[in-house]
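So this block is run_26.txt, compact mmCIF, C-alpha atoms:
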# COMPACT_ATOMS: atom_id res chain seq x y z
CA MET H 1 -82.26 35.99 46.93
CA SER H 2 -83.80 39.01 45.24
CA MET H 3 -84.49 42.06 47.39
CA THR H 4 -86.86 44.96 47.06
CA SER H 5 -85.26 48.27 46.23
CA ARG H 6 -85.70 49.55 49.76
CA GLU H 7 -84.22 46.39 51.27
CA ARG H 8 -81.31 46.66 48.86
CA VAL H 9 -80.52 50.27 49.73
CA LEU H 10 -80.98 49.75 53.46
CA ALA H 11 -78.59 46.80 53.37
CA ALA H 12 -75.99 48.82 51.48
CA ILE H 13 -76.19 51.88 53.74
CA ASN H 14 -75.92 49.64 56.80
CA HIS H 15 -72.71 48.14 55.38
CA ARG H 16 -74.14 44.79 54.38
CA GLU H 17 -73.91 43.26 50.93
CA PRO H 18 -77.31 43.21 49.18
CA ASP H 19 -78.15 41.08 46.14
CA ARG H 20 -76.73 43.75 43.82
CA VAL H 21 -75.27 47.23 44.06
CA PRO H 22 -78.13 49.75 44.38
CA LEU H 23 -78.62 52.37 41.67
CA ASP H 24 -79.58 56.03 41.94
CA LEU H 25 -80.73 58.27 39.10
CA GLY H 26 -82.49 61.48 40.07
CA GLY H 27 -82.63 60.83 43.81
CA THR H 28 -80.95 64.14 44.60
CA GLY H 29 -79.98 67.35 42.85
CA ALA H 30 -76.48 65.97 42.31
CA THR H 31 -77.39 62.49 41.03
CA GLY H 32 -79.65 63.47 38.16
CA ILE H 33 -79.47 63.84 34.40
CA HIS H 34 -79.61 66.85 32.11
CA VAL H 35 -82.96 66.95 30.38
CA SER H 36 -81.49 66.76 26.86
CA ALA H 37 -79.55 63.60 27.73
CA TYR H 38 -82.65 62.24 29.46
CA VAL H 39 -84.77 62.67 26.34
CA ARG H 40 -82.26 60.64 24.34
CA LEU H 41 -81.96 57.97 27.04
CA ARG H 42 -85.71 57.58 27.28
CA GLN H 43 -86.01 57.21 23.51
CA ALA H 44 -83.26 54.57 23.49
CA LEU H 45 -85.14 52.66 26.17
CA GLY H 46 -88.28 52.74 24.02
CA LEU H 47 -90.30 54.65 26.58
CA GLY H 48 -92.37 57.08 24.55
CA ASP H 49 -92.08 60.70 23.67
CA GLU H 50 -94.04 62.63 26.32
CA ASP H 51 -92.54 66.03 27.11
CA PRO H 52 -90.38 65.58 30.23
CA LYS H 53 -90.59 67.88 33.23
CA VAL H 54 -87.53 69.91 34.21
CA GLY H 55 -87.44 69.31 37.94
CA ASP H 56 -84.40 71.53 38.52
CA VAL H 57 -84.22 74.56 36.24
CA TRP H 58 -80.92 75.75 37.74
CA GLN H 59 -79.11 72.63 36.45
CA MET H 60 -81.76 71.78 33.82
CA LEU H 61 -82.27 68.31 35.29
CA ALA H 62 -85.09 66.04 34.21
CA TRP H 63 -87.76 64.78 36.57
CA VAL H 64 -87.00 61.07 36.18
CA GLU H 65 -90.26 59.25 35.49
CA ASP H 66 -91.50 55.88 36.77
CA PRO H 67 -91.06 53.99 33.46
CA VAL H 68 -87.37 54.97 33.34
CA VAL H 69 -86.95 54.08 37.02
CA GLU H 70 -88.38 50.61 36.43
CA LYS H 71 -86.58 49.98 33.15
CA LEU H 72 -83.16 50.79 34.58
CA GLY H 73 -83.77 49.27 38.01
CA VAL H 74 -83.35 52.54 39.93
CA ASP H 75 -83.68 51.89 43.66
CA VAL H 76 -84.32 55.34 45.15
CA LEU H 77 -86.86 58.10 44.70
CA THR H 78 -86.86 61.64 46.01
CA VAL H 79 -89.46 63.37 48.14
CA ARG H 80 -89.43 66.67 46.34
CA THR H 81 -89.83 70.14 47.72
CA LEU H 82 -92.67 72.32 46.47
CA SER H 83 -90.27 74.95 45.20
CA GLN H 84 -87.13 74.73 43.10
CA PRO H 85 -84.32 77.29 43.21
CA PHE H 86 -85.29 80.79 42.05
CA GLY H 87 -88.80 80.43 43.49
CA LEU H 88 -90.01 78.11 40.71
CA ARG H 89 -92.79 75.72 41.67
CA ASN H 90 -93.20 72.00 41.04
CA ASP H 91 -96.99 71.88 41.14
CA ARG H 92 -97.89 73.56 37.83
CA TRP H 93 -96.25 73.29 34.42
CA ARG H 94 -96.12 74.90 30.99
CA SER H 95 -94.65 73.98 27.62
CA TRP H 96 -91.26 75.25 26.54
CA ARG H 97 -88.52 74.26 24.09
CA LEU H 98 -84.83 73.70 24.61
CA ASP H 99 -82.34 75.50 22.38
CA ASP H 100 -82.39 72.55 19.96
CA GLY H 101 -86.19 72.64 19.74
CA THR H 102 -86.86 69.70 22.07
CA PRO H 103 -90.21 70.23 23.82
CA VAL H 104 -90.17 70.06 27.62
CA GLN H 105 -92.34 71.12 30.53
CA MET H 106 -91.14 73.94 32.77
CA PRO H 107 -92.66 75.30 35.99
CA ALA H 108 -95.63 77.48 35.16
CA ASN H 109 -93.99 80.52 36.76
CA PHE H 110 -90.79 80.09 34.72
CA ALA H 111 -90.67 83.42 32.86
CA PRO H 112 -87.21 84.03 31.37
CA VAL H 113 -86.36 87.40 29.87
CA ALA H 114 -84.39 87.21 26.61
CA GLU H 115 -81.46 89.60 26.32
CA ALA H 116 -80.00 91.02 23.12
CA ASP H 117 -76.96 88.73 23.38
CA GLY H 118 -79.18 85.63 23.35
CA SER H 119 -78.93 84.92 27.06
CA LEU H 120 -81.96 84.18 29.25
CA CYS H 121 -82.43 85.90 32.60
CA LEU H 122 -84.62 84.97 35.56
CA TYR H 123 -85.80 87.63 37.99
CA SER H 124 -87.33 87.34 41.47
CA ASP H 125 -88.94 90.44 42.98
CA GLY H 126 -87.12 92.51 40.39
CA GLU H 127 -83.69 91.08 41.19
CA LEU H 128 -81.66 89.09 38.67
CA VAL H 129 -81.20 85.65 40.24
CA ALA H 130 -80.07 83.44 37.34
CA LYS H 131 -78.76 83.70 33.81
CA LYS H 132 -78.22 81.16 31.02
CA ALA H 133 -75.68 82.14 28.38
CA ARG H 134 -76.70 81.78 24.74
CA THR H 135 -74.55 78.65 24.38
CA GLY H 136 -75.09 77.44 27.95
CA VAL H 137 -76.94 74.31 29.04
CA TYR H 138 -77.92 75.45 32.53
CA PHE H 139 -78.51 78.64 34.53
CA ASP H 140 -75.74 80.36 36.51
CA ARG H 141 -76.79 81.57 39.95
CA MET H 142 -76.19 85.26 40.38
CA ILE H 143 -75.54 84.87 44.10
CA GLU H 144 -72.08 83.69 43.07
CA PHE H 145 -71.34 87.21 41.85
CA LYS H 146 -72.86 89.03 44.82
CA VAL H 147 -70.56 91.05 47.06
CA TYR H 148 -71.69 93.29 49.93
CA ASP H 149 -69.73 96.38 50.89
CA PRO H 150 -70.15 96.93 53.73
CA LEU H 151 -71.50 93.67 55.14
CA PRO H 152 -75.14 94.12 56.16
CA PRO H 153 -76.38 93.27 59.66
CA VAL H 154 -76.76 89.50 60.06
CA GLY H 155 -80.35 89.95 61.15
CA SER H 156 -81.26 91.59 57.84
CA PHE H 157 -81.08 88.37 55.84
CA LYS H 158 -84.41 86.63 55.25
CA ILE H 159 -84.21 82.99 56.40
CA PRO H 160 -87.79 81.70 56.38
CA LEU H 161 -89.46 78.80 58.12
CA PHE H 162 -91.04 76.15 55.92
CA THR H 163 -94.60 77.06 55.02
CA ASP H 164 -97.61 74.90 55.79
CA GLU H 165 -98.15 74.51 52.05
CA ASP H 166 -94.63 73.21 51.49
CA LEU H 167 -94.80 70.82 54.45
CA ALA H 168 -98.15 69.46 53.28
CA TRP H 169 -96.65 68.87 49.82
CA ARG H 170 -93.70 66.95 51.28
CA ARG H 171 -95.96 64.93 53.57
CA ARG H 172 -98.21 63.95 50.67
CA TRP H 173 -95.25 62.93 48.48
CA ALA H 174 -93.60 60.91 51.24
CA GLU H 175 -96.77 59.07 52.19
CA THR H 176 -97.70 58.35 48.57
CA LEU H 177 -94.29 57.07 47.54
CA ARG H 178 -93.99 54.90 50.65
CA ARG H 179 -97.44 53.42 50.05
CA GLU H 180 -97.21 52.91 46.30
CA THR H 181 -93.57 51.92 45.70
CA ASP H 182 -90.91 49.65 47.15
CA LYS H 183 -88.17 52.23 46.69
CA ALA H 184 -85.90 53.72 49.30
CA LEU H 185 -86.91 57.35 49.78
CA ILE H 186 -84.61 60.35 50.00
CA GLY H 187 -85.88 63.55 51.55
CA GLU H 188 -84.05 66.62 50.26
CA PHE H 189 -84.08 69.11 53.12
CA GLY H 190 -83.60 72.17 50.92
CA MET H 191 -81.50 74.20 53.37
CA ILE H 192 -77.77 74.44 53.96
CA LEU H 193 -75.66 76.38 56.42
CA GLY H 194 -74.56 78.31 53.40
CA ARG H 195 -73.57 81.84 52.64
CA TRP H 196 -75.13 85.24 52.21
CA GLY H 197 -73.32 85.99 48.94
CA SER H 198 -70.53 84.60 46.79
CA TYR H 199 -68.02 81.91 47.74
CA GLN H 200 -65.28 84.50 47.35
CA GLU H 201 -66.86 86.81 49.91
CA TRP H 202 -67.50 83.94 52.32
CA MET H 203 -63.87 82.79 52.13
CA TYR H 204 -62.61 86.32 52.67
CA THR H 205 -64.96 86.96 55.57
CA ILE H 206 -64.36 83.67 57.37
CA GLY H 207 -60.69 84.62 57.49
CA ALA H 208 -60.90 88.36 58.07
CA ASN H 209 -64.10 88.64 60.14
CA PRO H 210 -64.88 85.26 61.71
CA ASP H 211 -67.20 86.81 64.29
CA TYR H 212 -69.52 87.87 61.48
CA VAL H 213 -69.60 84.33 60.10
CA ARG H 214 -70.28 82.88 63.55
CA ALA H 215 -73.14 85.33 64.06
CA PHE H 216 -74.61 84.36 60.69
CA TYR H 217 -74.25 80.64 61.48
CA ASP H 218 -75.69 81.08 64.98
CA ARG H 219 -78.82 82.60 63.48
CA LYS H 220 -79.02 80.20 60.54
CA ILE H 221 -78.67 76.99 62.57
CA GLU H 222 -81.53 77.90 64.90
CA ILE H 223 -83.83 78.33 61.91
CA MET H 224 -82.51 75.13 60.33
CA LEU H 225 -83.23 73.20 63.52
CA ALA H 226 -86.73 74.66 63.72
CA ASN H 227 -87.32 73.67 60.10
CA LEU H 228 -85.87 70.22 60.73
CA GLN H 229 -88.42 69.60 63.47
CA LEU H 230 -91.24 70.74 61.20
CA TYR H 231 -89.88 68.54 58.42
CA ALA H 232 -89.65 65.48 60.65
CA GLN H 233 -93.24 65.99 61.78
CA ALA H 234 -94.31 66.14 58.14
CA VAL H 235 -92.52 63.12 56.66
CA GLY H 236 -91.80 60.97 59.72
CA ASP H 237 -90.53 57.45 59.00
CA ASN H 238 -91.72 57.64 55.40
CA ILE H 239 -88.21 58.62 54.31
CA ASP H 240 -85.04 56.61 54.81
CA ILE H 241 -82.39 59.18 53.99
CA PHE H 242 -82.06 62.86 54.89
CA ALA H 243 -80.11 64.71 52.18
CA LEU H 244 -78.44 68.07 52.03
CA GLY H 245 -75.04 69.34 51.07
CA GLU H 246 -72.60 72.17 50.77
CA ASP H 247 -69.38 72.37 48.78
CA PHE H 248 -66.13 72.94 50.66
CA GLY H 249 -63.72 71.49 48.10
CA THR H 250 -62.17 72.38 44.76
CA GLN H 251 -60.36 70.27 42.20
CA LYS H 252 -57.08 70.88 44.02
CA GLY H 253 -58.17 70.73 47.64
CA LEU H 254 -60.19 72.54 50.29
CA MET H 255 -61.55 76.07 50.12
CA ILE H 256 -60.57 76.65 53.75
CA SER H 257 -58.13 74.84 56.03
CA PRO H 258 -59.16 71.66 57.84
CA ARG H 259 -58.70 73.49 61.15
CA MET H 260 -60.96 76.34 60.10
CA PHE H 261 -63.59 73.89 58.85
CA ARG H 262 -63.38 71.93 62.10
CA GLU H 263 -63.68 75.03 64.29
CA MET H 264 -65.96 77.32 62.25
CA VAL H 265 -68.31 75.06 60.31
CA ALA H 266 -68.42 71.53 61.71
CA PRO H 267 -70.01 72.33 65.11
CA TYR H 268 -73.11 73.70 63.42
CA TYR H 269 -73.61 70.71 61.18
CA LYS H 270 -72.98 68.42 64.14
CA ARG H 271 -75.91 70.04 65.98
CA LEU H 272 -78.15 69.39 62.97
CA PHE H 273 -77.05 65.80 62.39
CA ASP H 274 -77.09 64.93 66.10
CA TRP H 275 -80.77 65.96 66.15
CA VAL H 276 -81.45 63.69 63.16
CA HIS H 277 -79.78 60.69 64.79
CA ARG H 278 -81.42 61.26 68.18
CA ASN H 279 -84.94 61.75 66.85
CA THR H 280 -85.28 59.75 63.62
CA SER H 281 -84.19 56.55 61.92
CA TRP H 282 -82.81 58.44 58.92
CA LYS H 283 -79.31 58.21 57.54
CA VAL H 284 -77.57 61.52 56.81
CA HIS H 285 -76.57 61.98 53.16
CA PHE H 286 -74.15 64.87 52.64
CA HIS H 287 -73.10 66.23 49.25
CA CYS H 288 -69.69 67.91 49.18
CA CYS H 289 -67.69 68.28 45.97
CA GLY H 290 -63.95 68.44 45.45
CA GLY H 291 -60.79 67.31 47.19
CA ILE H 292 -62.24 67.03 50.68
CA TYR H 293 -60.12 64.14 51.95
CA PRO H 294 -58.68 66.18 54.87
CA ILE H 295 -62.16 66.78 56.35
CA ILE H 296 -63.83 63.42 55.71
CA GLY H 297 -63.02 62.28 59.24
CA THR H 298 -64.55 65.48 60.61
CA LEU H 299 -67.70 64.93 58.52
CA ILE H 300 -68.00 61.43 60.00
CA ASP H 301 -67.59 62.88 63.50
CA CYS H 302 -70.37 65.36 62.67
CA GLY H 303 -72.73 62.48 61.93
CA VAL H 304 -72.49 62.11 58.14
CA ASP H 305 -73.39 58.54 57.15
CA ILE H 306 -73.33 58.89 53.35
CA LEU H 307 -70.95 60.92 51.19
CA ASN H 308 -71.71 62.19 47.68
CA PRO H 309 -70.49 62.76 44.95
CA VAL H 310 -67.14 61.08 45.82
CA GLN H 311 -65.16 63.19 43.36
CA THR H 312 -62.33 60.76 42.76
CA SER H 313 -60.65 62.98 40.16
CA ALA H 314 -59.95 65.65 42.80
CA ALA H 315 -56.80 65.88 44.90
CA GLY H 316 -56.49 63.21 47.58
CA MET H 317 -59.67 61.38 46.57
CA GLU H 318 -58.20 58.12 45.23
CA PRO H 319 -60.91 55.43 45.36
CA GLU H 320 -58.78 52.72 46.96
CA LYS H 321 -57.63 55.06 49.73
CA LEU H 322 -61.18 56.23 50.47
CA LYS H 323 -62.54 52.70 50.71
CA GLN H 324 -59.65 51.46 52.83
CA GLU H 325 -59.72 54.34 55.31
CA PHE H 326 -63.44 55.12 55.56
CA GLY H 327 -65.31 52.17 54.03
CA ASP H 328 -66.46 50.77 57.38
CA LYS H 329 -67.79 54.13 58.58
CA LEU H 330 -69.02 55.89 55.45
CA VAL H 331 -71.28 54.96 52.55
CA PHE H 332 -70.02 56.08 49.13
CA TRP H 333 -72.98 57.31 47.10
CA GLY H 334 -71.40 58.10 43.77
CA GLY H 335 -67.90 57.70 42.41
CA GLY H 336 -69.24 55.24 39.84
CA ILE H 337 -67.77 56.94 36.78
CA GLU H 338 -65.82 60.14 36.13
CA THR H 339 -68.00 62.92 34.72
CA GLN H 340 -65.00 65.11 33.94
CA SER H 341 -63.24 62.58 31.71
CA VAL H 342 -64.55 59.10 30.90
CA PHE H 343 -68.15 60.34 30.93
CA PRO H 344 -68.44 61.86 28.24
CA TYR H 345 -64.99 61.70 26.61
CA GLY H 346 -64.10 58.00 26.94
CA THR H 347 -64.74 55.12 24.58
CA LEU H 348 -67.48 52.62 25.35
CA ASP H 349 -64.84 50.12 26.48
CA GLU H 350 -63.40 52.73 28.83
CA VAL H 351 -66.86 53.40 30.24
CA ARG H 352 -67.44 49.72 30.94
CA ALA H 353 -63.96 49.25 32.37
CA GLN H 354 -64.29 52.12 34.81
CA VAL H 355 -67.72 50.97 36.01
CA ARG H 356 -66.29 47.51 36.65
CA GLU H 357 -63.27 48.97 38.47
CA ARG H 358 -65.38 51.16 40.74
CA LEU H 359 -67.68 48.26 41.59
CA ARG H 360 -64.62 46.19 42.50
CA ILE H 361 -63.24 48.95 44.73
CA PHE H 362 -66.32 50.39 46.43
CA GLY H 363 -68.66 47.39 46.37
CA PRO H 364 -67.23 44.81 48.82
CA GLY H 365 -68.93 44.80 52.20
CA GLY H 366 -71.76 47.02 51.02
CA GLY H 367 -71.52 50.74 51.67
CA PHE H 368 -71.88 51.67 48.00
CA VAL H 369 -74.75 53.11 45.95
CA PHE H 370 -73.92 53.48 42.27
CA CYS H 371 -74.26 56.69 40.30
CA PRO H 372 -71.86 58.86 38.33
CA ILE H 373 -69.81 61.57 40.00
CA HIS H 374 -72.44 64.30 39.85
CA ASN H 375 -75.20 64.72 37.26
CA ILE H 376 -75.11 63.16 33.80
CA ARG H 377 -74.10 65.97 31.51
CA ALA H 378 -75.90 67.10 28.37
CA ASP H 379 -72.99 65.97 26.16
CA VAL H 380 -72.87 62.36 27.34
CA SER H 381 -73.84 60.15 24.40
CA THR H 382 -76.72 57.73 24.49
CA ASP H 383 -74.34 54.85 23.81
CA GLN H 384 -72.19 55.84 26.77
CA MET H 385 -75.19 55.94 29.08
CA LEU H 386 -76.37 52.55 27.91
CA ALA H 387 -72.85 51.12 28.26
CA MET H 388 -72.70 52.35 31.86
CA TYR H 389 -76.01 50.76 32.82
CA GLU H 390 -75.20 47.53 30.97
CA ALA H 391 -71.88 47.26 32.83
CA LEU H 392 -73.65 47.84 36.13
CA ARG H 393 -76.05 45.00 35.38
CA GLU H 394 -73.23 42.71 34.27
CA TYR H 395 -70.79 43.36 37.10
CA GLY H 396 -72.92 44.75 39.93
CA THR H 397 -74.31 41.48 41.33
CA TYR H 398 -72.80 40.33 44.64
CA PRO H 399 -70.18 39.11 45.16
CA VAL H 400 -68.70 41.88 43.01

Show the structure stored in the file as structure tokens.
Amino acid sequence: MSMTSRERVLAAINHREPDRVPLDLGGTGATGIHVSAYVRLRQALGLGDEDPKVGDVWQMLAWVEDPVVEKLGVDVLTVRTLSQPFGLRNDRWRSWRLDDGTPVQMPANFAPVAEADGSLCLYSDGELVAKKARTGVYFDRMIEFKVYDPLPPVGSFKIPLFTDEDLAWRRRWAETLRRETDKALIGEFGMILGRWGSYQEWMYTIGANPDYVRAFYDRKIEIMLANLQLYAQAVGDNIDIFALGEDFGTQKGLMISPRMFREMVAPYYKRLFDWVHRNTSWKVHFHCCGGIYPIIGTLIDCGVDILNPVQTSAAGMEPEKLKQEFGDKLVFWGGGIETQSVFPYGTLDEVRAQVRERLRIFGPGGGFVFCPIHNIRADVSTDQMLAMYEALREYGTYPV
């Protein structure tokens, strides 16, 4: 029996088999599509030539539109925040062109400064916050190069509460999408426990000065919890899934030891996720890249219901092992196709074969929402994208 999109996703995330494996495209900032690939996909689907919006300038991701959602059978939509990274806003737009001349719409306050070497720089309050190399396809965040010496007082960092304007925007989006669509709705929280500077500095400090990190986390979690309450009041039961994420893995393993993660990081996320489970009906969707196998059990203990991107090419992340060990406790949202190899470097037959294999592994018993491992890159061909979606339609009906 055919299900609505929301029924389909709710069945899957409650570990029941729906009519078919649910599909995500653009539901989060890690399940989207680069705008240049999106333009080509939309043309191949015969869906017009309007200039697409770039809903995430950092990664240059397209704002996936309703006609594409319906044509592909996408089952989830996102309740967007008012602001993107770098202080860019989603409520006003202006025309711009990609490096290849493709016209797109960018936030109205997107004002890049061109450098002599052909790079584009974004500034906020006079500070360089992002830079796109001349041959790049997205913007690098300058926080990843920021090192403090000495470390500033923890209380000096600005960690704001959500504004009334932002909360009203989220409330309006959540209510509208719930009323006008049958999709499952993902609310992107927009905050993480995070860092004050680069990953390198965080890793050094968590080892050499753990009291500083604890002080930072103690302050940050109180503001996160206050924002979470404001957020819940704004969107209520109009969302189904509460999404946020933070990377703790690399291609070869964890950034910090499992013990350090368990003792230094996990208790703070547990406080956040416990509040979600006590006070809402939402499922917790957590994005964490890399070889994180040693901390998956800890994430489950913290209250994570859904894991993304399921980076199966990283150390210890073999699909069969993940499904066997965690498939009854964790929903795999991703892992559908490798974005470091098969997508974009494989043949069309290899694309179809891997989609079929991942459906066979992750699909039984529910607990699987299909999307590639992270965003669809700019260099994925149109034929590869179409082959992936065709294979999902062919092999994604239950029983898989």

Within 9 Å of stretch 38-40 of chain H using all atoms listed in the file, minus same-chain residues under 2 positions, as a PyMOL selection string: chain H and resi 33-36+42-45+49+51-52+61-62+64+102+376+378+381-382

Given all atoms listed in the file as the counted atoms, nearest of H:Asp349, H:Asp140, H:Glu222, H:Asp100 to H:Cys121: H:Asp140

Pick from H:Asp91, H:Gly126, H:Lys183, H:Val79 nearest to H:Arg171, counting only C-alpha atoms: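 Counting only C-alpha atoms, the residue closest to H:Arg171 is H:Val79.
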
H:Tyr268, H:Tyr123, H:Phe326, H:Tyr293 ranked by distance to H:Ala215, top pick (using all atoms listed in the file):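 The closest residue to H:Ala215 is H:Tyr268.
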
Please identify all polymer residues within 10 Å of H:Tyr199, counting all atoms listed in the file, omitting same-chain residues fewer than 2 positions from it, and present them as a tab-separated table (two decimals) with C-alpha atoms, in the coordinates of the input.
chain	number	residue	atom	x	y	z
H	143	ILE	CA	-75.54	84.87	44.10
H	144	GLU	CA	-72.08	83.69	43.07
H	145	PHE	CA	-71.34	87.21	41.85
H	146	LYS	CA	-72.86	89.03	44.82
H	147	VAL	CA	-70.56	91.05	47.06
H	194	GLY	CA	-74.56	78.31	53.40
H	195	ARG	CA	-73.57	81.84	52.64
H	196	TRP	CA	-75.13	85.24	52.21
H	197	GLY	CA	-73.32	85.99	48.94
H	201	GLU	CA	-66.86	86.81	49.91
H	202	TRP	CA	-67.50	83.94	52.32
H	203	MET	CA	-63.87	82.79	52.13
H	204	TYR	CA	-62.61	86.32	52.67
H	205	THR	CA	-64.96	86.96	55.57
H	247	ASP	CA	-69.38	72.37	48.78
H	248	PHE	CA	-66.13	72.94	50.66
H	255	MET	CA	-61.55	76.07	50.12

Coordinates-based distance that separates atom CA of H:Thr28 from atom CA of H:Tyr217 (Å, one decimal): 24.5 Å

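Each of H:Met385, H:Val331, H:Ile223, H:Ile256 was compared to H:Gly363 using all atoms listed in the file, and H:Val331 turns out to be the nearest.
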
Neighbour list for H:Phe273 as a PyMOL selection string, cut-off 12 Å, all atoms listed in the file, skip fewer than 4 positions in-chain: chain H and resi 221+224-225+228+241-244+266-269+277-286+299-306

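Pairwise distance (atom CA of H:Thr135, atom CA of H:Asp117) equals 10.4 Å.
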
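Shortest separation to H:Phe368 among H:Ala174, H:Val400, H:Val104, H:Val351 occurs at residue H:Val400, atoms counted being only C-alpha atoms.
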
Expected answer as a list of chain:residue names: all residues with atoms within 12 Å of (-82.5, 87.8, 54.9), only C-alpha atoms: H:Pro152, H:Pro153, H:Val154, H:Gly155, H:Ser156, H:Phe157, H:Lys158, H:Ile159, H:Pro160, H:Leu161, H:Arg195, H:Trp196, H:Gly197, H:Phe216, H:Arg219, H:Lys220, H:Ile223

For C-alpha atoms, I'd like the residues from the last selection saved as a PDB file, in the coordinates of the input.
ATOM      1  CA  PRO H 152     -75.140  94.120  56.160  1.00  0.00           C
ATOM      2  CA  PRO H 153     -76.380  93.270  59.660  1.00  0.00           C
ATOM      3  CA  VAL H 154     -76.760  89.500  60.060  1.00  0.00           C
ATOM      4  CA  GLY H 155     -80.350  89.950  61.150  1.00  0.00           C
ATOM      5  CA  SER H 156     -81.260  91.590  57.840  1.00  0.00           C
ATOM      6  CA  PHE H 157     -81.080  88.370  55.840  1.00  0.00           C
ATOM      7  CA  LYS H 158     -84.410  86.630  55.250  1.00  0.00           C
ATOM      8  CA  ILE H 159     -84.210  82.990  56.400  1.00  0.00           C
ATOM      9  CA  PRO H 160     -87.790  81.700  56.380  1.00  0.00           C
ATOM     10  CA  LEU H 161     -89.460  78.800  58.120  1.00  0.00           C
ATOM     11  CA  ARG H 195     -73.570  81.840  52.640  1.00  0.00           C
ATOM     12  CA  TRP H 196     -75.130  85.240  52.210  1.00  0.00           C
ATOM     13  CA  GLY H 197     -73.320  85.990  48.940  1.00  0.00           C
ATOM     14  CA  PHE H 216     -74.610  84.360  60.690  1.00  0.00           C
ATOM     15  CA  ARG H 219     -78.820  82.600  63.480  1.00  0.00           C
ATOM     16  CA  LYS H 220     -79.020  80.200  60.540  1.00  0.00           C
ATOM     17  CA  ILE H 223     -83.830  78.330  61.910  1.00  0.00           C
TER      18      ILE H 223
END

Minimum-distance residue to H:Arg16, chosen among H:Leu41, H:Val369, H:Ala111, H:Ala391 (using only C-alpha atoms):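 When distances to H:Arg16 are compared using only C-alpha atoms, the smallest one comes from H:Val369.
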
Gap from atom CA of H:Gln229 to atom CA of H:Thr81 - Å, one decimal: 15.8 Å

Given 3 Å on each side, where is the centre and what are the edge lengths in Å to one decimal of the axis-aligned box enclosing the listed atoms of stretch 197-213 of chain H, as AutoDock Vina command-line options?
--center_x -67.0 --center_y 85.3 --center_z 55.5 --size_x 18.6 --size_y 12.7 --size_z 23.5

Non-local contacts of H:Lys131 (9 Å; all atoms listed in the file; under 6 positions in same chain excluded) as JSON, numbers by chain: {"H": [112, 119, 120, 121, 122, 138, 139, 140, 141, 142]}

H:Gly249 surroundings by only C-alpha atoms, 8 Å radius, close-in-sequence under 4 positions cut, as a list in words: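 So the residues in contact are Gly253, Leu254, Met255, Cys288, Cys289, Gly290, Gly291 and Ile292 of chain H.
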
Protein and nucleic acid residues near (-63.9, 51.2, 59.9) (cut-off 12 Å, all atoms listed in the file) as JSON, numbers by chain: {"H": [15, 297, 300, 322, 323, 324, 325, 326, 327, 328, 329, 330, 331, 365, 367]}

Grab the residues selected above and save them as a PDB file, keeping the file's coordinate frame with C-alpha atoms.
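Written file, out-v1.pdb:
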ATOM      1  CA  HIS H  15     -72.710  48.140  55.380  1.00  0.00           C
ATOM      2  CA  GLY H 297     -63.020  62.280  59.240  1.00  0.00           C
ATOM      3  CA  ILE H 300     -68.000  61.430  60.000  1.00  0.00           C
ATOM      4  CA  LEU H 322     -61.180  56.230  50.470  1.00  0.00           C
ATOM      5  CA  LYS H 323     -62.540  52.700  50.710  1.00  0.00           C
ATOM      6  CA  GLN H 324     -59.650  51.460  52.830  1.00  0.00           C
ATOM      7  CA  GLU H 325     -59.720  54.340  55.310  1.00  0.00           C
ATOM      8  CA  PHE H 326     -63.440  55.120  55.560  1.00  0.00           C
ATOM      9  CA  GLY H 327     -65.310  52.170  54.030  1.00  0.00           C
ATOM     10  CA  ASP H 328     -66.460  50.770  57.380  1.00  0.00           C
ATOM     11  CA  LYS H 329     -67.790  54.130  58.580  1.00  0.00           C
ATOM     12  CA  LEU H 330     -69.020  55.890  55.450  1.00  0.00           C
ATOM     13  CA  VAL H 331     -71.280  54.960  52.550  1.00  0.00           C
ATOM     14  CA  GLY H 365     -68.930  44.800  52.200  1.00  0.00           C
ATOM     15  CA  GLY H 367     -71.520  50.740  51.670  1.00  0.00           C
TER      16      GLY H 367
END
